[in-house]
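J.: Got a file for you: final.pdb, PDB, C-alpha atoms.
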ATOM      1  CA  MET A   1     -44.422  -9.709   9.611
ATOM      2  CA  LYS A   2     -45.311 -11.460   6.395
ATOM      3  CA  ARG A   3     -44.015  -8.517   4.381
ATOM      4  CA  GLY A   4     -40.751  -8.594   6.331
ATOM      5  CA  ALA A   5     -40.308 -12.297   5.671
ATOM      6  CA  LEU A   6     -40.871 -11.739   1.954
ATOM      7  CA  ALA A   7     -38.308  -8.940   1.932
ATOM      8  CA  LEU A   8     -35.789 -11.195   3.651
ATOM      9  CA  LEU A   9     -36.427 -13.976   1.151
ATOM     10  CA  ALA A  10     -35.959 -11.494  -1.701
ATOM     11  CA  ILE A  11     -32.592 -10.389  -0.287
ATOM     12  CA  VAL A  12     -31.471 -13.984   0.130
ATOM     13  CA  ALA A  13     -32.556 -14.749  -3.434
ATOM     14  CA  VAL A  14     -30.580 -11.784  -4.784
ATOM     15  CA  VAL A  15     -27.479 -12.873  -2.852
ATOM     16  CA  ILE A  16     -27.800 -16.410  -4.226
ATOM     17  CA  VAL A  17     -28.207 -15.137  -7.788
ATOM     18  CA  VAL A  18     -25.195 -12.800  -7.499
ATOM     19  CA  ALA A  19     -23.072 -15.576  -5.968
ATOM     20  CA  THR A  20     -24.137 -17.999  -8.700
ATOM     21  CA  ILE A  21     -23.282 -15.524 -11.457
ATOM     22  CA  THR A  22     -19.903 -14.760  -9.840
ATOM     23  CA  ILE A  23     -19.008 -18.433  -9.450
ATOM     24  CA  ALA A  24     -20.124 -19.226 -13.009
ATOM     25  CA  SER A  25     -17.982 -16.373 -14.326
ATOM     26  CA  MET A  26     -14.973 -17.617 -12.343
ATOM     27  CA  LEU A  27     -15.444 -21.153 -13.658
ATOM     28  CA  ARG A  28     -15.501 -19.870 -17.233
ATOM     29  CA  SER A  29     -12.454 -17.616 -16.940
ATOM     30  CA  GLY A  30     -10.513 -19.421 -14.227
ATOM     31  CA  LEU A  31      -8.790 -17.681 -11.330
ATOM     32  CA  SER A  32      -6.285 -15.580 -13.248
ATOM     33  CA  THR A  33      -5.218 -12.286 -11.689
ATOM     34  CA  GLN A  34      -4.919 -10.664 -15.121
ATOM     35  CA  GLY A  35      -8.494  -9.435 -15.332
ATOM     36  CA  GLU A  36     -10.076  -6.631 -13.358
ATOM     37  CA  PRO A  37     -11.849  -7.621 -10.128
ATOM     38  CA  THR A  38     -15.618  -7.797 -10.422
ATOM     39  CA  ALA A  39     -17.802  -5.286  -8.614
ATOM     40  CA  THR A  40     -18.663  -7.989  -6.081
ATOM     41  CA  GLU A  41     -14.993  -8.762  -5.406
ATOM     42  CA  ALA A  42     -14.171  -5.064  -5.076
ATOM     43  CA  PHE A  43     -17.006  -4.639  -2.586
ATOM     44  CA  VAL A  44     -15.869  -7.652  -0.560
ATOM     45  CA  ALA A  45     -12.269  -6.362  -0.576
ATOM     46  CA  ARG A  46     -13.410  -2.976   0.795
ATOM     47  CA  VAL A  47     -15.455  -4.659   3.521
ATOM     48  CA  VAL A  48     -12.582  -6.967   4.480
ATOM     49  CA  ARG A  49     -10.186  -4.021   4.647
ATOM     50  CA  ARG A  50     -12.561  -2.211   7.002
ATOM     51  CA  TRP A  51     -13.074  -5.305   9.162
ATOM     52  CA  ALA A  52      -9.301  -5.667   9.437
ATOM     53  CA  VAL A  53      -9.111  -2.545  11.614
ATOM     54  CA  PRO A  54      -9.565  -3.099  15.380
ATOM     55  CA  SER A  55     -12.406  -0.989  16.765
ATOM     56  CA  GLU A  56     -10.102   0.907  19.144
ATOM     57  CA  LEU A  57      -8.044   2.197  16.197
ATOM     58  CA  ARG A  58     -10.834   3.245  13.855
ATOM     59  CA  HIS A  59     -10.962   6.814  15.164
ATOM     60  CA  ALA A  60      -7.424   7.135  16.517
ATOM     61  CA  LYS A  61      -5.437  10.293  15.744
ATOM     62  CA  ASN A  62      -1.797  10.265  14.735
ATOM     63  CA  PRO A  63       0.245  10.760  17.945
ATOM     64  CA  VAL A  64       3.449  11.635  16.065
ATOM     65  CA  PRO A  65       3.733  15.409  15.425
ATOM     66  CA  LEU A  66       4.141  16.317  11.755
ATOM     67  CA  THR A  67       7.411  18.143  11.040
ATOM     68  CA  PRO A  68       9.527  18.478   7.885
ATOM     69  CA  ALA A  69      12.058  16.070   9.407
ATOM     70  CA  ILE A  70       9.369  13.462  10.163
ATOM     71  CA  LEU A  71       7.996  13.775   6.628
ATOM     72  CA  ALA A  72      11.471  13.346   5.132
ATOM     73  CA  GLU A  73      12.072  10.280   7.307
ATOM     74  CA  ALA A  74       8.751   8.783   6.253
ATOM     75  CA  ARG A  75       9.438   9.534   2.588
ATOM     76  CA  ALA A  76      12.714   7.599   2.755
ATOM     77  CA  HIS A  77      10.987   4.765   4.633
ATOM     78  CA  PHE A  78       8.240   4.561   2.012
ATOM     79  CA  ALA A  79      10.759   4.600  -0.849
ATOM     80  CA  ASP A  80      12.685   1.708   0.679
ATOM     81  CA  HIS A  81       9.790  -0.461   1.911
ATOM     82  CA  CYS A  82       6.552   0.430   0.136
ATOM     83  CA  ALA A  83       7.273   1.885  -3.295
ATOM     84  CA  SER A  84       8.039  -1.461  -4.940
ATOM     85  CA  CYS A  85       4.302  -2.246  -4.768
ATOM     86  CA  HIS A  86       2.690   1.180  -4.416
ATOM     87  CA  GLY A  87       5.026   3.313  -6.545
ATOM     88  CA  ASN A  88       6.837   6.374  -5.222
ATOM     89  CA  ASP A  89       3.736   8.465  -5.857
ATOM     90  CA  GLY A  90       1.410   6.007  -4.116
ATOM     91  CA  LYS A  91      -0.712   5.378  -7.196
ATOM     92  CA  GLY A  92      -0.063   1.632  -7.337
ATOM     93  CA  GLU A  93       1.619   1.710 -10.751
ATOM     94  CA  ALA A  94       4.306  -0.784  -9.743
ATOM     95  CA  LEU A  95       4.081  -4.422  -8.636
ATOM     96  CA  GLY A  96       0.774  -3.470  -7.062
ATOM     97  CA  LYS A  97      -0.966  -3.360 -10.429
ATOM     98  CA  GLN A  98      -0.231  -7.080 -10.853
ATOM     99  CA  MET A  99      -1.839  -7.969  -7.525
ATOM    100  CA  TYR A 100      -5.385  -9.142  -7.007
ATOM    101  CA  PRO A 101      -7.030  -7.028  -5.755
ATOM    102  CA  ARG A 102      -4.915  -4.213  -7.180
ATOM    103  CA  ALA A 103      -2.932  -2.004  -4.836
ATOM    104  CA  PRO A 104      -5.079   1.114  -4.402
ATOM    105  CA  ASP A 105      -4.276   4.583  -5.669
ATOM    106  CA  MET A 106      -3.635   6.094  -2.264
ATOM    107  CA  THR A 107      -3.971   9.649  -3.538
ATOM    108  CA  LEU A 108      -7.723   9.119  -3.982
ATOM    109  CA  ALA A 109     -10.526   9.582  -1.470
ATOM    110  CA  ALA A 110     -10.950   5.832  -0.876
ATOM    111  CA  THR A 111      -7.661   5.960   1.064
ATOM    112  CA  GLN A 112      -7.430   9.614   2.064
ATOM    113  CA  SER A 113     -10.865   9.534   3.701
ATOM    114  CA  ARG A 114      -9.767   6.795   6.111
ATOM    115  CA  SER A 115      -8.871   7.755   9.652
ATOM    116  CA  ASP A 116      -5.285   7.880  10.871
ATOM    117  CA  GLY A 117      -5.966   4.798  12.959
ATOM    118  CA  GLU A 118      -7.284   2.833   9.987
ATOM    119  CA  LEU A 119      -4.197   3.616   7.924
ATOM    120  CA  PHE A 120      -1.937   2.756  10.868
ATOM    121  CA  SER A 121      -3.687  -0.586  11.368
ATOM    122  CA  ILE A 122      -3.361  -1.517   7.696
ATOM    123  CA  ILE A 123       0.380  -0.783   7.774
ATOM    124  CA  GLU A 124       0.989  -2.575  11.083
ATOM    125  CA  ASN A 125      -1.324  -5.560  10.672
ATOM    126  CA  GLY A 126      -1.778  -5.975   6.909
ATOM    127  CA  VAL A 127      -5.021  -7.069   5.253
ATOM    128  CA  ARG A 128      -5.938 -10.694   4.783
ATOM    129  CA  LEU A 129      -6.773 -11.996   1.298
ATOM    130  CA  THR A 130      -4.741  -9.213  -0.319
ATOM    131  CA  GLY A 131      -1.064  -8.619  -1.097
ATOM    132  CA  MET A 132      -0.729  -6.199   1.838
ATOM    133  CA  PRO A 133       1.517  -7.725   4.540
ATOM    134  CA  GLY A 134       1.641  -6.611   8.133
ATOM    135  CA  PHE A 135       4.891  -4.775   8.892
ATOM    136  CA  GLY A 136       4.323  -4.357  12.618
ATOM    137  CA  SER A 137       6.398  -6.139  15.236
ATOM    138  CA  GLY A 138       4.490  -4.979  18.305
ATOM    139  CA  THR A 139       7.308  -2.651  19.373
ATOM    140  CA  ALA A 140       7.277   1.078  19.995
ATOM    141  CA  ASP A 141       9.770   1.559  17.145
ATOM    142  CA  SER A 142       7.483  -0.289  14.752
ATOM    143  CA  ALA A 143       4.461   1.776  15.807
ATOM    144  CA  TYR A 144       6.453   4.989  15.409
ATOM    145  CA  GLY A 145       7.504   4.014  11.883
ATOM    146  CA  SER A 146       3.934   3.210  10.905
ATOM    147  CA  TRP A 147       2.575   6.478  12.298
ATOM    148  CA  THR A 148       5.191   8.440  10.324
ATOM    149  CA  LEU A 149       4.078   6.573   7.200
ATOM    150  CA  VAL A 150       0.517   7.710   7.887
ATOM    151  CA  HIS A 151       1.788  11.300   7.603
ATOM    152  CA  PHE A 152       3.444  10.459   4.299
ATOM    153  CA  ILE A 153       0.283   8.830   2.920
ATOM    154  CA  ARG A 154      -1.581  12.051   3.746
ATOM    155  CA  HIS A 155       1.088  13.936   1.793
ATOM    156  CA  LEU A 156       0.867  11.760  -1.350
ATOM    157  CA  PRO A 157      -1.687  13.928  -3.216
ATOM    158  CA  ARG A 158       0.781  16.847  -2.953
ATOM    159  CA  MET A 159       3.953  15.027  -4.040
ATOM    160  CA  THR A 160       6.377  17.078  -6.136
ATOM    161  CA  PRO A 161       8.589  15.854  -8.994
ATOM    162  CA  ALA A 162      11.645  16.690  -6.862
ATOM    163  CA  GLU A 163      10.425  14.453  -4.036
ATOM    164  CA  ILE A 164       9.762  11.575  -6.425
ATOM    165  CA  ALA A 165      13.229  11.976  -7.975
ATOM    166  CA  GLU A 166      14.771  11.869  -4.497
ATOM    167  CA  MET A 167      12.843   8.699  -3.697
ATOM    168  CA  GLU A 168      14.046   6.988  -6.871
ATOM    169  CA  LEU A 169      17.567   7.123  -5.470
ATOM    170  CA  LEU A 170      16.361   5.386  -2.307
ATOM    171  CA  ASN A 171      14.352   2.603  -3.964
ATOM    172  CA  PRO A 172      15.755  -0.929  -3.493
ATOM    173  CA  LYS A 173      18.058  -1.860  -6.358
ATOM    174  CA  SER A 174      19.529  -5.032  -7.746
ATOM    175  CA  PRO A 175      23.338  -5.395  -7.915
ATOM    176  CA  GLU A 176      23.160  -4.591 -11.622
ATOM    177  CA  GLU A 177      21.191  -1.400 -10.960
ATOM    178  CA  TRP A 178      23.642  -0.380  -8.234
ATOM    179  CA  ARG A 179      26.544  -0.973 -10.596
ATOM    180  CA  GLN A 180      24.950   1.159 -13.300
ATOM    181  CA  LEU A 181      24.184   3.956 -10.826
ATOM    182  CA  GLN A 182      27.704   3.910  -9.416
ATOM    183  CA  ASP A 183      29.232   3.839 -12.897
ATOM    184  CA  GLU A 184      27.168   6.888 -13.857
ATOM    185  CA  ARG A 185      28.307   8.732 -10.746
ATOM    186  CA  ALA A 186      31.928   7.675 -11.318
ATOM    187  CA  PHE A 187      31.784   8.878 -14.919
ATOM    188  CA  LEU A 188      30.494  12.289 -13.834
ATOM    189  CA  ALA A 189      33.179  12.497 -11.129
ATOM    190  CA  GLY A 190      35.995  11.234 -13.338
ATOM    191  CA  GLU A 191      36.438   8.162 -11.148
ATOM    192  CA  GLU A 192      36.111   4.425 -11.665
ATOM    193  CA  VAL A 193      33.903   1.998  -9.721
ATOM    194  CA  THR A 194      34.553  -1.697 -10.183
ATOM    195  CA  ALA A 195      31.987  -3.313  -7.843
ATOM    196  CA  PRO A 196      28.542  -2.505  -6.482
ATOM    197  CA  PRO A 197      28.071  -1.788  -2.784
ATOM    198  CA  PRO A 198      27.057  -4.754  -0.635
ATOM    199  CA  SER A 199      23.345  -5.291  -0.168
ATOM    200  CA  HIS A 200      21.843  -4.987   3.303
ATOM    201  CA  PRO A 201      18.631  -6.494   4.646
ATOM    202  CA  HIS A 202      15.751  -4.061   5.097
ATOM    203  CA  HIS A 203      14.141  -3.621   8.455
ATOM    204  CA  HIS A 204      10.842  -1.954   9.234
TER     205      HIS A 204
END
Please lay out the structure from this file as structure tokens.
T.:
Amino acid sequence: MKRGALALLAIVAVVIVVATITIASMLRSGLSTQGEPTATEAFVARVVRRWAVPSELRHAKNPVPLTPAILAEARAHFADHCASCHGNDGKGEALGKQMYPRAPDMTLAATQSRSDGELFSIIENGVRLTGMPGFGSGTADSAYGSWTLVHFIRHLPRMTPAEIAEMELLNPKSPEEWRQLQDERAFLAGEEVTAPPPSHPHHH
């Protein structure tokens, strides 16, 4: 019993020391998001992301059958809603690299090893203390869209250059970018475009 109490005290002491070092480091450098997260912060972020998943979803299987049409639908959905932070290839080399913690490289095992239900929950419910919002609305349509995105996330390690090029055409664009794209198309077709198409709100 005495040995167990000593072990517990040692663990508590280590936690206090690590917390003290982390806080001291934060006080010295401030709370800028420019630096890389510490090992402690990365560990906490992984734990929080796991806790964010309801127990009933942790081992759930994707109920939406995978077909070429479903994958194409999910690819377009990802390009329009997710790529601005995660990149078309899912590697986080977009706005996600400016976040704190960084958007993960979803082609790696840290994401690919998660269950279908875990990925679905992250898409639907988001993750607190990160830049990942919850896109779910509690409807069947919302759940369907999120399950199709799970299929696409599984496909990310096998993305082809042709798929990425197709997604670039579907990424959200500013009026200036639309105008440039339309002017390029008009030039190639021998036509003239004088105004960009109207913007439309995006819906999950």
J.: Have a look at atom CA of Leu71 of chain A and atom CA of His151 of chain A and let me know their distance in Å, one decimal.
T.: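 About the pair atom CA of Leu71 of chain A and atom CA of His151 of chain A: they are 6.8 Å apart.
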J.: Can you list what the PyMOL selection byres ((chain A and resi 156) around 8) grabs from this structure, as a PyMOL selection string?
T.: chain A and resi 89-90+106-107+152-155+157-159
J.: Quote the spacing between atom CA of Phe135 of chain A and atom CA of Ile123 of chain A in Å to one decimal place.
T.: 6.1 Å
J.: Mind giving me the axis-aligned box for segment 167-174 of chain A with 5 Å on every side, centre plus edges in Å to one decimal, as lines of an AutoDock Vina configuration file?
T.:
center_x = 16.2
center_y = 1.8
center_z = -5.0
size_x = 16.7
size_y = 23.7
size_z = 15.4
J.: Would you mind listing what lies within 12 Å of Leu95 of chain A as a PyMOL selection string, with only C-alpha atoms counted and same-chain residues fewer than 2 positions away left out?
T.: chain A and resi 82-88+90-93+97-104+131-132
J.: Deliver the residues from the most recent selection as a file, using C-alpha atoms, as a tab-separated table (two decimals), in the frame of the given file.
T.:
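What follows is the written file part14.tsv:
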chain	number	residue	atom	x	y	z
A	82	CYS	CA	6.55	0.43	0.14
A	83	ALA	CA	7.27	1.88	-3.30
A	84	SER	CA	8.04	-1.46	-4.94
A	85	CYS	CA	4.30	-2.25	-4.77
A	86	HIS	CA	2.69	1.18	-4.42
A	87	GLY	CA	5.03	3.31	-6.54
A	88	ASN	CA	6.84	6.37	-5.22
A	90	GLY	CA	1.41	6.01	-4.12
A	91	LYS	CA	-0.71	5.38	-7.20
A	92	GLY	CA	-0.06	1.63	-7.34
A	93	GLU	CA	1.62	1.71	-10.75
A	97	LYS	CA	-0.97	-3.36	-10.43
A	98	GLN	CA	-0.23	-7.08	-10.85
A	99	MET	CA	-1.84	-7.97	-7.52
A	100	TYR	CA	-5.38	-9.14	-7.01
A	101	PRO	CA	-7.03	-7.03	-5.76
A	102	ARG	CA	-4.92	-4.21	-7.18
A	103	ALA	CA	-2.93	-2.00	-4.84
A	104	PRO	CA	-5.08	1.11	-4.40
A	131	GLY	CA	-1.06	-8.62	-1.10
A	132	MET	CA	-0.73	-6.20	1.84
J.: Determine the residue membership of the PyMOL selection byres ((chain A and resi 62) around 8) for the file above and supply it as a PyMOL selection string.
T.: chain A and resi 60-61+63-65+116-117+147+150
J.: Between A:Arg179, A:His81, A:Arg128, A:Arg75, which is the closest to Trp51 of chain A once you count all atoms listed in the file?
T.: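 Comparing A:Arg179, A:His81, A:Arg128, A:Arg75 against Trp51 of chain A, the winner is A:Arg128.
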J.: Looking at all atoms listed in the file, which of A:Ala162, A:Leu57, A:Val127, A:Met167 is the one that sits closest to Arg114 of chain A?
T.: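 Ranking A:Ala162, A:Leu57, A:Val127, A:Met167 by distance to Arg114 of chain A, first place goes to A:Leu57.
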J.: So how far away is atom CA of Ile70 of chain A from atom CA of Leu170 of chain A, in Å?
T.: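 So the answer is 16.4 Å.
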J.: Taking (-6.0, -0.8, 7.4) in the file's coordinates as the center, which residues reach within 7 Å of it, counting only C-alpha atoms, put as a VMD selection string?
T.: chain A and resid 49 to 50 52 to 53 118 to 123 126 to 127
J.: Can you write out the residues you just picked, keeping C-alpha atoms, as an mmCIF file, in the coordinates of the input?
T.:
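Contents of selection12.cif, freshly written:
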data_model
loop_
_atom_site.group_PDB
_atom_site.id
_atom_site.type_symbol
_atom_site.label_atom_id
_atom_site.label_comp_id
_atom_site.auth_asym_id
_atom_site.auth_seq_id
_atom_site.Cartn_x
_atom_site.Cartn_y
_atom_site.Cartn_z
ATOM 1 C CA ARG A 49 -10.186 -4.021 4.647
ATOM 2 C CA ARG A 50 -12.561 -2.211 7.002
ATOM 3 C CA ALA A 52 -9.301 -5.667 9.437
ATOM 4 C CA VAL A 53 -9.111 -2.545 11.614
ATOM 5 C CA GLU A 118 -7.284 2.833 9.987
ATOM 6 C CA LEU A 119 -4.197 3.616 7.924
ATOM 7 C CA PHE A 120 -1.937 2.756 10.868
ATOM 8 C CA SER A 121 -3.687 -0.586 11.368
ATOM 9 C CA ILE A 122 -3.361 -1.517 7.696
ATOM 10 C CA ILE A 123 0.380 -0.783 7.774
ATOM 11 C CA GLY A 126 -1.778 -5.975 6.909
ATOM 12 C CA VAL A 127 -5.021 -7.069 5.253
#
J.: Generate the coordinates of N, CA and C atoms for segment 128-163 of chain A; report them as a PDB file, in the coordinates of the input.
T.:
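Saved the output as result14.pdb:
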ATOM      1  N   ARG A 128      -5.822  -9.324   5.277  1.00  0.00           N
ATOM      2  CA  ARG A 128      -5.938 -10.694   4.783  1.00  0.00           C
ATOM      3  C   ARG A 128      -6.576 -10.719   3.395  1.00  0.00           C
ATOM      4  N   LEU A 129      -6.227 -11.756   2.642  1.00  0.00           N
ATOM      5  CA  LEU A 129      -6.773 -11.996   1.298  1.00  0.00           C
ATOM      6  C   LEU A 129      -6.361 -10.922   0.304  1.00  0.00           C
ATOM      7  N   THR A 130      -5.300 -10.187   0.620  1.00  0.00           N
ATOM      8  CA  THR A 130      -4.741  -9.213  -0.319  1.00  0.00           C
ATOM      9  C   THR A 130      -3.224  -9.386  -0.309  1.00  0.00           C
ATOM     10  N   GLY A 131      -2.522  -8.566  -1.084  1.00  0.00           N
ATOM     11  CA  GLY A 131      -1.064  -8.619  -1.097  1.00  0.00           C
ATOM     12  C   GLY A 131      -0.434  -7.744  -0.034  1.00  0.00           C
ATOM     13  N   MET A 132      -1.262  -7.122   0.840  1.00  0.00           N
ATOM     14  CA  MET A 132      -0.729  -6.199   1.838  1.00  0.00           C
ATOM     15  C   MET A 132      -0.292  -6.948   3.081  1.00  0.00           C
ATOM     16  N   PRO A 133       1.034  -7.031   3.335  1.00  0.00           N
ATOM     17  CA  PRO A 133       1.517  -7.725   4.540  1.00  0.00           C
ATOM     18  C   PRO A 133       1.440  -6.816   5.752  1.00  0.00           C
ATOM     19  N   GLY A 134       1.550  -7.392   6.912  1.00  0.00           N
ATOM     20  CA  GLY A 134       1.641  -6.611   8.133  1.00  0.00           C
ATOM     21  C   GLY A 134       3.102  -6.372   8.471  1.00  0.00           C
ATOM     22  N   PHE A 135       3.501  -5.105   8.625  1.00  0.00           N
ATOM     23  CA  PHE A 135       4.891  -4.775   8.892  1.00  0.00           C
ATOM     24  C   PHE A 135       5.172  -4.589  10.378  1.00  0.00           C
ATOM     25  N   GLY A 136       4.140  -4.627  11.205  1.00  0.00           N
ATOM     26  CA  GLY A 136       4.323  -4.357  12.618  1.00  0.00           C
ATOM     27  C   GLY A 136       5.003  -5.495  13.354  1.00  0.00           C
ATOM     28  N   SER A 137       5.741  -5.144  14.392  1.00  0.00           N
ATOM     29  CA  SER A 137       6.398  -6.139  15.236  1.00  0.00           C
ATOM     30  C   SER A 137       5.937  -6.045  16.677  1.00  0.00           C
ATOM     31  N   GLY A 138       4.983  -5.145  16.946  1.00  0.00           N
ATOM     32  CA  GLY A 138       4.490  -4.979  18.305  1.00  0.00           C
ATOM     33  C   GLY A 138       5.373  -4.116  19.189  1.00  0.00           C
ATOM     34  N   THR A 139       6.394  -3.492  18.596  1.00  0.00           N
ATOM     35  CA  THR A 139       7.308  -2.651  19.373  1.00  0.00           C
ATOM     36  C   THR A 139       6.965  -1.172  19.195  1.00  0.00           C
ATOM     37  N   ALA A 140       7.489  -0.360  20.099  1.00  0.00           N
ATOM     38  CA  ALA A 140       7.277   1.078  19.995  1.00  0.00           C
ATOM     39  C   ALA A 140       7.928   1.636  18.731  1.00  0.00           C
ATOM     40  N   ASP A 141       9.097   1.102  18.366  1.00  0.00           N
ATOM     41  CA  ASP A 141       9.770   1.559  17.145  1.00  0.00           C
ATOM     42  C   ASP A 141       8.934   1.263  15.910  1.00  0.00           C
ATOM     43  N   SER A 142       8.334   0.080  15.879  1.00  0.00           N
ATOM     44  CA  SER A 142       7.483  -0.289  14.752  1.00  0.00           C
ATOM     45  C   SER A 142       6.277   0.638  14.660  1.00  0.00           C
ATOM     46  N   ALA A 143       5.627   0.891  15.791  1.00  0.00           N
ATOM     47  CA  ALA A 143       4.461   1.776  15.807  1.00  0.00           C
ATOM     48  C   ALA A 143       4.847   3.186  15.356  1.00  0.00           C
ATOM     49  N   TYR A 144       5.986   3.658  15.825  1.00  0.00           N
ATOM     50  CA  TYR A 144       6.453   4.989  15.409  1.00  0.00           C
ATOM     51  C   TYR A 144       6.631   5.053  13.894  1.00  0.00           C
ATOM     52  N   GLY A 145       7.289   4.024  13.326  1.00  0.00           N
ATOM     53  CA  GLY A 145       7.504   4.014  11.883  1.00  0.00           C
ATOM     54  C   GLY A 145       6.198   4.016  11.110  1.00  0.00           C
ATOM     55  N   SER A 146       5.217   3.272  11.596  1.00  0.00           N
ATOM     56  CA  SER A 146       3.934   3.210  10.905  1.00  0.00           C
ATOM     57  C   SER A 146       3.179   4.533  11.004  1.00  0.00           C
ATOM     58  N   TRP A 147       3.252   5.182  12.168  1.00  0.00           N
ATOM     59  CA  TRP A 147       2.575   6.478  12.298  1.00  0.00           C
ATOM     60  C   TRP A 147       3.221   7.526  11.398  1.00  0.00           C
ATOM     61  N   THR A 148       4.557   7.481  11.246  1.00  0.00           N
ATOM     62  CA  THR A 148       5.191   8.440  10.324  1.00  0.00           C
ATOM     63  C   THR A 148       4.743   8.173   8.889  1.00  0.00           C
ATOM     64  N   LEU A 149       4.562   6.896   8.540  1.00  0.00           N
ATOM     65  CA  LEU A 149       4.078   6.573   7.200  1.00  0.00           C
ATOM     66  C   LEU A 149       2.667   7.089   6.969  1.00  0.00           C
ATOM     67  N   VAL A 150       1.858   7.137   8.022  1.00  0.00           N
ATOM     68  CA  VAL A 150       0.517   7.710   7.887  1.00  0.00           C
ATOM     69  C   VAL A 150       0.626   9.169   7.444  1.00  0.00           C
ATOM     70  N   HIS A 151       1.566   9.905   8.026  1.00  0.00           N
ATOM     71  CA  HIS A 151       1.788  11.300   7.603  1.00  0.00           C
ATOM     72  C   HIS A 151       2.155  11.350   6.120  1.00  0.00           C
ATOM     73  N   PHE A 152       3.023  10.428   5.695  1.00  0.00           N
ATOM     74  CA  PHE A 152       3.444  10.459   4.299  1.00  0.00           C
ATOM     75  C   PHE A 152       2.280  10.130   3.369  1.00  0.00           C
ATOM     76  N   ILE A 153       1.449   9.171   3.747  1.00  0.00           N
ATOM     77  CA  ILE A 153       0.283   8.830   2.920  1.00  0.00           C
ATOM     78  C   ILE A 153      -0.624  10.050   2.764  1.00  0.00           C
ATOM     79  N   ARG A 154      -0.786  10.820   3.834  1.00  0.00           N
ATOM     80  CA  ARG A 154      -1.581  12.051   3.746  1.00  0.00           C
ATOM     81  C   ARG A 154      -0.952  13.054   2.772  1.00  0.00           C
ATOM     82  N   HIS A 155       0.368  12.984   2.643  1.00  0.00           N
ATOM     83  CA  HIS A 155       1.088  13.936   1.793  1.00  0.00           C
ATOM     84  C   HIS A 155       1.071  13.527   0.309  1.00  0.00           C
ATOM     85  N   LEU A 156       0.757  12.276   0.022  1.00  0.00           N
ATOM     86  CA  LEU A 156       0.867  11.760  -1.350  1.00  0.00           C
ATOM     87  C   LEU A 156       0.154  12.611  -2.406  1.00  0.00           C
ATOM     88  N   PRO A 157      -1.052  13.121  -2.170  1.00  0.00           N
ATOM     89  CA  PRO A 157      -1.687  13.928  -3.216  1.00  0.00           C
ATOM     90  C   PRO A 157      -0.926  15.206  -3.555  1.00  0.00           C
ATOM     91  N   ARG A 158       0.032  15.599  -2.716  1.00  0.00           N
ATOM     92  CA  ARG A 158       0.781  16.847  -2.953  1.00  0.00           C
ATOM     93  C   ARG A 158       2.249  16.586  -3.287  1.00  0.00           C
ATOM     94  N   MET A 159       2.569  15.364  -3.708  1.00  0.00           N
ATOM     95  CA  MET A 159       3.953  15.027  -4.040  1.00  0.00           C
ATOM     96  C   MET A 159       4.474  15.892  -5.184  1.00  0.00           C
ATOM     97  N   THR A 160       5.750  16.277  -5.086  1.00  0.00           N
ATOM     98  CA  THR A 160       6.377  17.078  -6.136  1.00  0.00           C
ATOM     99  C   THR A 160       7.323  16.199  -6.954  1.00  0.00           C
ATOM    100  N   PRO A 161       7.618  16.604  -8.190  1.00  0.00           N
ATOM    101  CA  PRO A 161       8.589  15.854  -8.994  1.00  0.00           C
ATOM    102  C   PRO A 161       9.944  15.727  -8.299  1.00  0.00           C
ATOM    103  N   ALA A 162      10.357  16.747  -7.557  1.00  0.00           N
ATOM    104  CA  ALA A 162      11.645  16.690  -6.862  1.00  0.00           C
ATOM    105  C   ALA A 162      11.627  15.610  -5.785  1.00  0.00           C
ATOM    106  N   GLU A 163      10.529  15.479  -5.073  1.00  0.00           N
ATOM    107  CA  GLU A 163      10.425  14.453  -4.036  1.00  0.00           C
ATOM    108  C   GLU A 163      10.477  13.055  -4.657  1.00  0.00           C
TER     109      GLU A 163
END
